[in-house]
Amino acid sequence: MKITTITPYPTWVGIRNQLIVKVETDEGIYGWGESGLSGREKAVVGAIEHYREFLIGRDPMAIGALWQEMYRSQYFEGGRVLTAAISAIDIALHDIKGKALGVPVYQLLGGKQRNHIPTFATTKGPCGPEMIEQAQELMALGWNALRLFPAEHGSKNIYEPRQSIAETAKWCIKAREALGDAVVLGVDYHHRLSVAEAASYCQKMPSGTLDFLEEPIRDETPEAYEALRKMTDVPFAIGEEFASKWQFLPYIERDIHQFNRIDICNVGGLTEAMKVAGWSEAHYVDMMPHNPLGPICTAATIHFSAAVANFAWLETRASPGELYHGFDDAGIFTSQPRLNGAVYDVTDAPGLGVEVDEELVKKQSFKFWEAPHLRRTDGSVTNW
């Protein structure tokens with residue numbers, strides 16, 4: 001079997017693009033992958049086109065060797081653009097291999113260790129009574145792990161961290177009182193805080209209010225997270241920005257965090273994700289995958305989650321709290337994972353178990369999408 005074509009499709013689905021990639025072979029077996037670098041799809045398409053030049057004619061079953069060649073085939077190794085491209089191709093190659101062997105992808109990763117994948121759901125309402133009501137509705141539907149968004153999270157222009165942390169802490173305390181101790185509660189700060197702001201936020205709440213704090217600060221400096229670690233006892237859930245096992249290295253080795261928010265569509269695909277999972281298991285860090293993209297990402301992450309021992313919850317954006325922002329368009333993704341209550345069942349279909357209406361995708365023209373460019377009230381730029 002030989003690779004004959006690799007086609008990237010930046011595809012508008014719901015409210016933004018998904019960069020899906022089709023890898024075809026001379027035996028008629030094809031695979032689908034997805035890149036996770038949302039908002040910079042054109043850059044990733046360029047990298048895929050470079051890789052395509054030497055991948056055509058190669059054996060798609062040699063996934064590990066092709067991964068190494070893609071990563072090491074340029075002097076400037078790594079980076080989020082390149083690993084996002086590698087991720088999409090790697091996932092598609094696993095889809096091909098599973099289909100060729102007649103087995104689901106998790107069988108290629110060591111076999112499944114669970115029959116269904118627990119998820120955490122996210123409330124969409126701003127901090128306030130509506131947020132707590134939505135959390136109660138999600139609990140009634142079977143979710144026992146919930147993520148809350150902080151105050152001002154949905155702002156499109158102005159974001160003031162200190163205002164946000166004061167309001168968010170107040171409503172997190174109220175949420176814990178209203179929802180009880182059994183439910184897992186976390187907050188995603190989307191790396192918008194400084195070390196001092198994140199510490200202040202945590203210190204405004206009684207110990208035990210939160211079960212995890214997601215991405216409170218940016219990830220470039222592990223020492224900053226170590227400083228924050230000394231100032232709070234809230235478990236950290238981080239890693240969605242990491243684009244290689246090497247970025248995970250200091251966090252795992254220094255025992256800085258407790259949950260890995262690994263993104264299979266950015267880290268280097270299933271090949272790299274499995275390496276991070278094994279390394280994390282040795283340090284008792286649980287996998288809590290990032291899954292904000294489309295059904296291909298969801299399917300690949302379900303197979304990964306089924307195959308690893310150290311798994312906590314999979315992010316879902318398909319709960320009634322969010323309804324996936326339309327990212328699961330059934331007209332485009334004619335076969336895809338669907339929630340069964342608060343879990344995803346593990347499919348036995350060969351490959352990933354996802355199918356795409358390629359003709360519908362081909363009719364699209366590319367549309368640019370840009371994340372909000374946030375500023376503080378003094379006019380300075382801050383993180384989205």
# chains A, B, ... in the order shown; residues from 1 in each chain; ligands from 1

call {"tool": "closest_atom_pairs", "arguments": {"of": "stretch 35-132 of chain A", "to": "stretch 21-26 of chain A", "cutoff": "12 Å", "atoms": "only C-alpha atoms", "output": "CSV"}}
result
residue,atom,partner,partner_atom,distance
A:Ser35,CA,A:Val21,CA,7.8
A:Gly36,CA,A:Val21,CA,11.4
A:Glu41,CA,A:Val21,CA,11.4
A:Val44,CA,A:Val21,CA,10.7
A:Val45,CA,A:Val21,CA,9.2
A:Ile48,CA,A:Val21,CA,8.9
A:Glu49,CA,A:Val21,CA,11.0
A:Tyr51,CA,A:Val23,CA,11.9
A:Arg52,CA,A:Val23,CA,9.6
A:Leu55,CA,A:Val23,CA,10.0
A:Ile56,CA,A:Thr25,CA,8.9
A:Gly57,CA,A:Thr25,CA,8.7
A:Arg58,CA,A:Thr25,CA,9.4
A:Asp59,CA,A:Thr25,CA,9.0
A:Pro60,CA,A:Thr25,CA,7.9
A:Met61,CA,A:Thr25,CA,10.7
A:Ala84,CA,A:Val21,CA,11.2
A:Ala85,CA,A:Val21,CA,9.1
A:Ile86,CA,A:Val21,CA,10.6
A:Ser87,CA,A:Val21,CA,10.0
A:Ala88,CA,A:Val21,CA,6.2
A:Ile89,CA,A:Val21,CA,7.0
A:Asp90,CA,A:Val23,CA,9.7
A:Ile91,CA,A:Val21,CA,9.2
A:Ala92,CA,A:Val23,CA,6.2
A:Leu93,CA,A:Val23,CA,7.2
A:His94,CA,A:Val23,CA,10.4
A:Asp95,CA,A:Val23,CA,9.3
A:Ile96,CA,A:Val23,CA,8.1
A:Lys97,CA,A:Thr25,CA,10.9
A:Lys99,CA,A:Thr25,CA,11.8
A:Ala100,CA,A:Thr25,CA,10.6

call {"tool": "write_last_selection", "arguments": {"atoms": "N, CA, C and O atoms", "output": "short mmCIF file (atom, residue, chain, number, x, y, z; two decimals), in the first residue's frame"}}
result
data_model
loop_
_atom_site.label_atom_id
_atom_site.label_comp_id
_atom_site.auth_asym_id
_atom_site.auth_seq_id
_atom_site.Cartn_x
_atom_site.Cartn_y
_atom_site.Cartn_z
N SER A 35 -6.29 19.07 12.21
CA SER A 35 -5.29 19.93 12.83
C SER A 35 -5.97 20.83 13.86
O SER A 35 -7.11 21.25 13.67
N GLY A 36 -5.24 21.16 14.92
CA GLY A 36 -5.86 21.93 16.00
C GLY A 36 -5.46 23.38 16.10
O GLY A 36 -5.85 24.06 17.04
N GLU A 41 -5.04 28.35 9.98
CA GLU A 41 -5.12 27.17 9.12
C GLU A 41 -4.25 27.28 7.88
O GLU A 41 -3.69 26.30 7.42
N VAL A 44 -0.79 26.03 8.50
CA VAL A 44 -0.71 24.57 8.62
C VAL A 44 -0.87 23.92 7.25
O VAL A 44 -0.19 22.94 6.93
N VAL A 45 -1.75 24.45 6.42
CA VAL A 45 -1.91 23.93 5.06
C VAL A 45 -0.57 23.98 4.33
O VAL A 45 -0.18 23.02 3.64
N ILE A 48 1.59 21.15 5.52
CA ILE A 48 1.11 19.87 4.97
C ILE A 48 1.54 19.71 3.52
O ILE A 48 1.93 18.61 3.08
N GLU A 49 1.48 20.79 2.76
CA GLU A 49 1.89 20.71 1.35
C GLU A 49 3.38 20.40 1.23
O GLU A 49 3.80 19.67 0.32
N TYR A 51 5.09 18.57 3.47
CA TYR A 51 5.20 17.15 3.82
C TYR A 51 4.72 16.24 2.71
O TYR A 51 5.26 15.16 2.47
N ARG A 52 3.67 16.69 2.03
CA ARG A 52 3.10 15.87 0.95
C ARG A 52 4.14 15.53 -0.11
O ARG A 52 4.10 14.44 -0.70
N LEU A 55 5.89 12.44 1.18
CA LEU A 55 5.07 11.35 1.72
C LEU A 55 4.37 10.55 0.62
O LEU A 55 4.06 9.37 0.82
N ILE A 56 4.08 11.18 -0.49
CA ILE A 56 3.44 10.44 -1.58
C ILE A 56 4.37 9.32 -2.06
O ILE A 56 5.56 9.53 -2.29
N GLY A 57 3.80 8.13 -2.16
CA GLY A 57 4.56 6.95 -2.54
C GLY A 57 5.09 6.15 -1.35
O GLY A 57 5.64 5.06 -1.54
N ARG A 58 4.88 6.66 -0.14
CA ARG A 58 5.39 5.98 1.04
C ARG A 58 4.35 5.03 1.63
O ARG A 58 3.16 5.10 1.33
N ASP A 59 4.80 4.14 2.51
CA ASP A 59 3.95 3.14 3.15
C ASP A 59 3.21 3.78 4.32
O ASP A 59 3.83 4.19 5.31
N PRO A 60 1.88 3.88 4.25
CA PRO A 60 1.13 4.53 5.32
C PRO A 60 1.11 3.74 6.63
O PRO A 60 0.73 4.28 7.67
N MET A 61 1.50 2.47 6.55
CA MET A 61 1.51 1.64 7.77
C MET A 61 2.72 1.96 8.66
O MET A 61 2.72 1.62 9.84
N ALA A 84 1.07 20.67 14.39
CA ALA A 84 -0.35 20.62 14.02
C ALA A 84 -0.52 19.91 12.69
O ALA A 84 -1.48 19.14 12.50
N ALA A 85 0.40 20.16 11.76
CA ALA A 85 0.35 19.45 10.47
C ALA A 85 0.64 17.97 10.65
O ALA A 85 -0.06 17.10 10.09
N ILE A 86 1.67 17.65 11.44
CA ILE A 86 2.00 16.25 11.71
C ILE A 86 0.83 15.55 12.39
O ILE A 86 0.52 14.39 12.09
N SER A 87 0.16 16.25 13.31
CA SER A 87 -0.97 15.66 14.03
C SER A 87 -2.05 15.17 13.07
O SER A 87 -2.54 14.04 13.17
N ALA A 88 -2.43 16.05 12.14
CA ALA A 88 -3.51 15.70 11.22
C ALA A 88 -3.14 14.50 10.37
O ALA A 88 -3.95 13.58 10.16
N ILE A 89 -1.90 14.50 9.87
CA ILE A 89 -1.46 13.38 9.03
C ILE A 89 -1.36 12.10 9.85
O ILE A 89 -1.78 11.02 9.42
N ASP A 90 -0.82 12.19 11.06
CA ASP A 90 -0.67 11.02 11.93
C ASP A 90 -2.02 10.39 12.26
O ASP A 90 -2.18 9.17 12.21
N ILE A 91 -3.00 11.22 12.57
CA ILE A 91 -4.35 10.70 12.87
C ILE A 91 -4.93 10.01 11.65
O ILE A 91 -5.52 8.91 11.75
N ALA A 92 -4.76 10.61 10.47
CA ALA A 92 -5.28 10.00 9.23
C ALA A 92 -4.59 8.67 8.94
O ALA A 92 -5.23 7.71 8.48
N LEU A 93 -3.29 8.57 9.22
CA LEU A 93 -2.58 7.31 9.00
C LEU A 93 -3.09 6.23 9.95
O LEU A 93 -3.20 5.05 9.56
N HIS A 94 -3.40 6.59 11.18
CA HIS A 94 -4.00 5.61 12.09
C HIS A 94 -5.37 5.15 11.58
O HIS A 94 -5.73 3.97 11.71
N ASP A 95 -6.14 6.08 11.02
CA ASP A 95 -7.44 5.73 10.45
C ASP A 95 -7.26 4.72 9.31
O ASP A 95 -7.98 3.71 9.22
N ILE A 96 -6.28 4.98 8.45
CA ILE A 96 -5.98 4.05 7.33
C ILE A 96 -5.58 2.68 7.86
O ILE A 96 -6.07 1.65 7.40
N LYS A 97 -4.68 2.66 8.81
CA LYS A 97 -4.17 1.39 9.31
C LYS A 97 -5.28 0.57 9.98
O LYS A 97 -5.37 -0.65 9.79
N LYS A 99 -8.49 0.74 9.30
CA LYS A 99 -9.38 0.24 8.24
C LYS A 99 -8.73 -0.92 7.49
O LYS A 99 -9.39 -1.91 7.15
N ALA A 100 -7.43 -0.80 7.20
CA ALA A 100 -6.73 -1.86 6.46
C ALA A 100 -6.72 -3.17 7.24
O ALA A 100 -6.83 -4.26 6.66
#

call {"tool": "residues_around", "arguments": {"residues": "A:Ile252", "least_positions_apart": "5", "cutoff": "9 Å", "atoms": "only C-alpha atoms", "output": "number ranges by chain"}}
result
A: 257-258, 279-280, 283, 285

call {"tool": "select_by_dssp", "arguments": {"residues": "stretch 78-265 of chain A", "states": "alpha helix (DSSP H)", "output": "NGL selection string"}}
result
:A and (80-101 or 105-108 or 129-140 or 161-179 or 195-203 or 222-229 or 245-253 or 264-265)

call {"tool": "closest_residue", "arguments": {"among": "A:Leu179, A:Leu270, A:Ile165, A:Leu108", "to": "A:Glu137", "atoms": "only C-alpha atoms"}}
result
A:Leu179

call {"tool": "residues_around", "arguments": {"residues": "A:Pro129", "least_positions_apart": "5", "cutoff": "12 Å", "atoms": "only C-alpha atoms", "output": "list in words"}}
result
Thr123, Gln134, Ala135, Gln136, Lys170, Trp171, Cys172, Lys174, Ala175 and Ala178 of chain A

call {"tool": "write_last_selection", "arguments": {"atoms": "N, CA and C atoms", "output": "short mmCIF file (atom, residue, chain, number, x, y, z; two decimals), in the first residue's frame"}}
result
data_model
loop_
_atom_site.label_atom_id
_atom_site.label_comp_id
_atom_site.auth_asym_id
_atom_site.auth_seq_id
_atom_site.Cartn_x
_atom_site.Cartn_y
_atom_site.Cartn_z
N THR A 123 -20.59 24.83 31.42
CA THR A 123 -21.73 25.76 31.41
C THR A 123 -21.41 26.92 30.48
N GLN A 134 -27.61 26.07 35.09
CA GLN A 134 -27.14 25.20 34.01
C GLN A 134 -26.34 24.03 34.56
N ALA A 135 -25.53 24.28 35.57
CA ALA A 135 -24.77 23.20 36.19
C ALA A 135 -25.70 22.15 36.79
N GLN A 136 -26.76 22.59 37.45
CA GLN A 136 -27.73 21.66 38.03
C GLN A 136 -28.43 20.84 36.95
N LYS A 170 -16.39 34.68 43.90
CA LYS A 170 -17.66 34.77 44.63
C LYS A 170 -18.65 33.72 44.13
N TRP A 171 -18.76 33.57 42.81
CA TRP A 171 -19.74 32.64 42.27
C TRP A 171 -19.28 31.19 42.29
N CYS A 172 -17.99 30.97 42.33
CA CYS A 172 -17.51 29.59 42.51
C CYS A 172 -17.87 29.08 43.91
N LYS A 174 -20.43 30.08 45.66
CA LYS A 174 -21.88 29.84 45.63
C LYS A 174 -22.20 28.55 44.87
N ALA A 175 -21.46 28.29 43.78
CA ALA A 175 -21.69 27.07 43.00
C ALA A 175 -21.39 25.84 43.82
N ALA A 178 -24.16 25.27 46.27
CA ALA A 178 -25.42 24.84 45.65
C ALA A 178 -25.33 23.44 45.06
#

call {"tool": "select_by_dssp", "arguments": {"residues": "stretch 166-364 of chain A", "states": "strand (DSSP E)", "output": "JSON, numbers by chain"}}
result
{"A": [184, 185, 186, 187, 188, 212, 213, 214, 236, 237, 238, 259, 260, 286, 287, 314, 315, 333, 334, 335, 339, 340, 343, 344, 345, 355, 356]}

call {"tool": "residues_around", "arguments": {"residues": "A:Asn266", "least_positions_apart": "5", "cutoff": "12 Å", "atoms": "only C-alpha atoms", "output": "PyMOL selection string"}}
result
chain A and resi 19+33-38+44+78-91+239-245+247+261+271-273+289-293+297+301

call {"tool": "atom_distance", "arguments": {"atom1": "atom CA of A:Lys42", "atom2": "atom CA of A:Phe149"}}
result
29.5 Å

call {"tool": "atom_distance", "arguments": {"atom1": "atom CA of A:Arg162", "atom2": "atom CA of A:His325"}}
result
28.7 Å

call {"tool": "atom_distance", "arguments": {"atom1": "atom CA of A:Phe368", "atom2": "atom CA of A:Gly39"}}
result
7.5 Å

call {"tool": "closest_atom_pairs", "arguments": {"of": "stretch 129-185 of chain A", "to": "stretch 332-346 of chain A", "cutoff": "12 Å", "atoms": "only C-alpha atoms", "output": "tab-separated table"}}
result
residue	atom	partner	partner_atom	distance
A:Leu138	CA	A:Ala342	CA	8.8
A:Met139	CA	A:Ala342	CA	9.3
A:Ala140	CA	A:Ala342	CA	10.3
A:Leu141	CA	A:Gly341	CA	6.7
A:Gly142	CA	A:Ala342	CA	5.5
A:Trp143	CA	A:Ala342	CA	5.5
A:Asn144	CA	A:Ala342	CA	8.6
A:Ala145	CA	A:Ala342	CA	9.5
A:Leu146	CA	A:Ala342	CA	10.9

call {"tool": "closest_residue", "arguments": {"among": "A:Glu152, A:Gln107, A:Ala47, A:Tyr159", "to": "A:Ser380", "atoms": "only C-alpha atoms"}}
result
A:Tyr159

call {"tool": "residues_around", "arguments": {"residues": "A:Trp313", "least_positions_apart": "5", "cutoff": "8 Å", "atoms": "only C-alpha atoms", "output": "list in words"}}
result
Ile117, Pro118, Thr119, Phe120, Ala145, Met287, Met288 and Pro289 of chain A

call {"tool": "closest_residue", "arguments": {"among": "A:Thr209, A:Ala198, A:His191, A:Gly269", "to": "A:Arg176", "atoms": "only C-alpha atoms"}}
result
A:Thr209
